[in-house]
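Here the structure comes first, spelled out in structure tokens, and everything after it is commentary.
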Amino acid sequence: MNKYINADSQQFFAFNVWNIESAKAVMDAAVQSGKSLILQTSMKAYEQLDKEEFITYVKSYGKKKKIKIFLHLDHCRKIDYIREAVDCGWDSVMIDASERPLSENIKMTNEVIELAKSKGVLVEAEIGQIRGQEDEISSVTDGIASIADIQKFLKNTDIDMIAAAIGTVHGLYKGIPNIHYDLIEQIAEITDLPFVVHGGTGLTDEVLIRLLSYKNVKKINISTDVKLAYKKGIEKSMQKSVMEVGGFDPLAVNRSIHDSIQNMAAKKLRLLEKGKAT
Ligand code: 13P
């Protein structure tokens, strides 16, 4: 079984995308920086995708450009979607049953493991509740994961990546994030599973570099930043000065969105060198 992400693998940024254009912009950042990356789809984006056409495009573009691109289903709470993603060829899936009691989270995660593992698809699960807004998920509790719960979860499941609430949030931060770096270290002491950081948007380069300095941090998720870059690209192409020169040009709008997303993603990918864990 090809575990693309494991204790010895490289570290990845995982960018949330919603269609072929946003995927291409992120992949062009991978080409530009020579880094492999993960493209991930939220449950809502996944619902709207033409799955087979999307994966065919992503994999063939990656192959043509000689970059490794992995496809991940992010924060999924529906087993049917996971089954479909597994059948379509997604490389990994995240079962998010974190709002349920621990025993139910374990049970649901095991159901996913059973249907994913036989096809070589990796499974990410979440313990504790990562706060903020990701589709309609918005947790209300403080939710920092306890090491006892993590231990119990790991004893009773065979996941491939672990996401735990360490104080990062989805979406923009109000104030300075209080990240529990000690929890990342404690988790590394009990397991060599890749650790996934959610809520990458709004973390400064310094914080991202610090996170990447932990050997078990293997995946950092970036979603809101992709949407903000998209918005910035539209706004730039709509500026009066641009419009006066060329009039309304859908191609120019597309190009501006593409470049804005590519530049944002390329900047993040450059941090992989700076934060490299030893
Ligand atoms: P941000 O929207 O804060 O980047 O969070 C992304 C994420 O963790 C997706 O799972």
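Ordered as shown in the structure tokens, chains take letters A, B, and onward, while each chain numbers its residues from 1 and ligands are numbered from 1 in the order shown.
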
*Can I get the residues close to ligand 1 as a ChimeraX atom specification, where close means within 9 Å and we count only C-alpha atoms and all ligand atoms?*
/A:14-16,40-42,74-75,130,132-134,168-173,196-203,220-227

_For Tyr57 (chain A), find every residue with an atom within 12 Å (counting only C-alpha atoms), except residues of its own chain fewer than 6 positions away, and show them as number ranges by chain._
A: 19-21, 23-24, 27, 50-51, 63-64, 69, 71

Prev. selection, N, CA and C atoms, output as an mmCIF file, in the first residue's frame:
```cif
data_model
loop_
_atom_site.group_PDB
_atom_site.id
_atom_site.type_symbol
_atom_site.label_atom_id
_atom_site.label_comp_id
_atom_site.auth_asym_id
_atom_site.auth_seq_id
_atom_site.Cartn_x
_atom_site.Cartn_y
_atom_site.Cartn_z
ATOM 1 N N ASN A 19 -12.926 23.577 -7.930
ATOM 2 C CA ASN A 19 -13.168 23.281 -9.351
ATOM 3 C C ASN A 19 -11.820 23.127 -10.058
ATOM 4 N N ILE A 20 -11.888 22.875 -11.354
ATOM 5 C CA ILE A 20 -10.653 22.635 -12.109
ATOM 6 C C ILE A 20 -9.758 23.879 -12.117
ATOM 7 N N GLU A 21 -10.366 25.054 -12.237
ATOM 8 C CA GLU A 21 -9.558 26.281 -12.321
ATOM 9 C C GLU A 21 -8.777 26.526 -11.024
ATOM 10 N N ALA A 23 -7.986 24.336 -8.842
ATOM 11 C CA ALA A 23 -6.994 23.254 -8.722
ATOM 12 C C ALA A 23 -5.778 23.548 -9.594
ATOM 13 N N LYS A 24 -6.025 24.037 -10.805
ATOM 14 C CA LYS A 24 -4.907 24.315 -11.729
ATOM 15 C C LYS A 24 -4.002 25.417 -11.168
ATOM 16 N N MET A 27 -1.922 23.907 -8.539
ATOM 17 C CA MET A 27 -0.934 22.984 -9.120
ATOM 18 C C MET A 27 0.186 23.745 -9.833
ATOM 19 N N ASP A 50 -17.940 17.393 -10.533
ATOM 20 C CA ASP A 50 -18.024 16.209 -11.390
ATOM 21 C C ASP A 50 -16.777 15.393 -11.041
ATOM 22 N N LYS A 51 -16.973 14.437 -10.151
ATOM 23 C CA LYS A 51 -15.807 13.782 -9.511
ATOM 24 C C LYS A 51 -14.843 13.130 -10.507
ATOM 25 N N LYS A 63 0.682 14.612 -13.883
ATOM 26 C CA LYS A 63 1.585 13.705 -14.604
ATOM 27 C C LYS A 63 2.341 14.474 -15.700
ATOM 28 N N LYS A 64 1.581 15.279 -16.436
ATOM 29 C CA LYS A 64 2.205 16.038 -17.527
ATOM 30 C C LYS A 64 3.281 16.987 -16.998
ATOM 31 N N ILE A 69 0.619 15.099 -7.083
ATOM 32 C CA ILE A 69 -0.558 15.767 -6.531
ATOM 33 C C ILE A 69 -1.445 14.698 -5.905
ATOM 34 N N LEU A 71 -5.049 13.795 -3.810
ATOM 35 C CA LEU A 71 -6.410 14.323 -3.663
ATOM 36 C C LEU A 71 -7.014 13.809 -2.360
#
```

*Go through A:Leu251, A:Thr157, A:Met238, A:Glu189 and flag the residue nearest Glu104 (chain A), using only C-alpha atoms for the distances.*
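Closest to Glu104 (chain A) of all the choices is A:Thr157.
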
*Could you give me, as a VMD selection string, the residues within 10 Å of Asp8 (chain A), counting only C-alpha atoms and dropping anything in the same chain fewer than 2 positions from it?*
chain A and resid 4 to 6 10 to 11 192 to 194 215 to 216 218

*as a PyMOL selection string, list the residues of region 89-208 of chain A assigned to helix (DSSP H, G or I) by DSSP on the backbone atoms of this structure.*
chain A and resi 102-117+147-156+181-190+205-208

*asked:* Give me, as a list in words, all polymer residues having an atom no more than 8 Å from Ile257 (chain A), counting only C-alpha atoms and skipping those fewer than 5 positions away in the same chain.
replied: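 The filter keeps Ala229, Tyr230, Lys231, Lys232, Gly233 and Ile234 of chain A.
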
_Considering only C-alpha atoms, can you say which of A:Glu126, A:Asp205, A:Glu84, A:Asp160 comes closest to Glu99 (chain A)?_
A:Glu126

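Between CA of His72 (chain A) and CA of Tyr181 (chain A) lies a distance of 25.2 Å.
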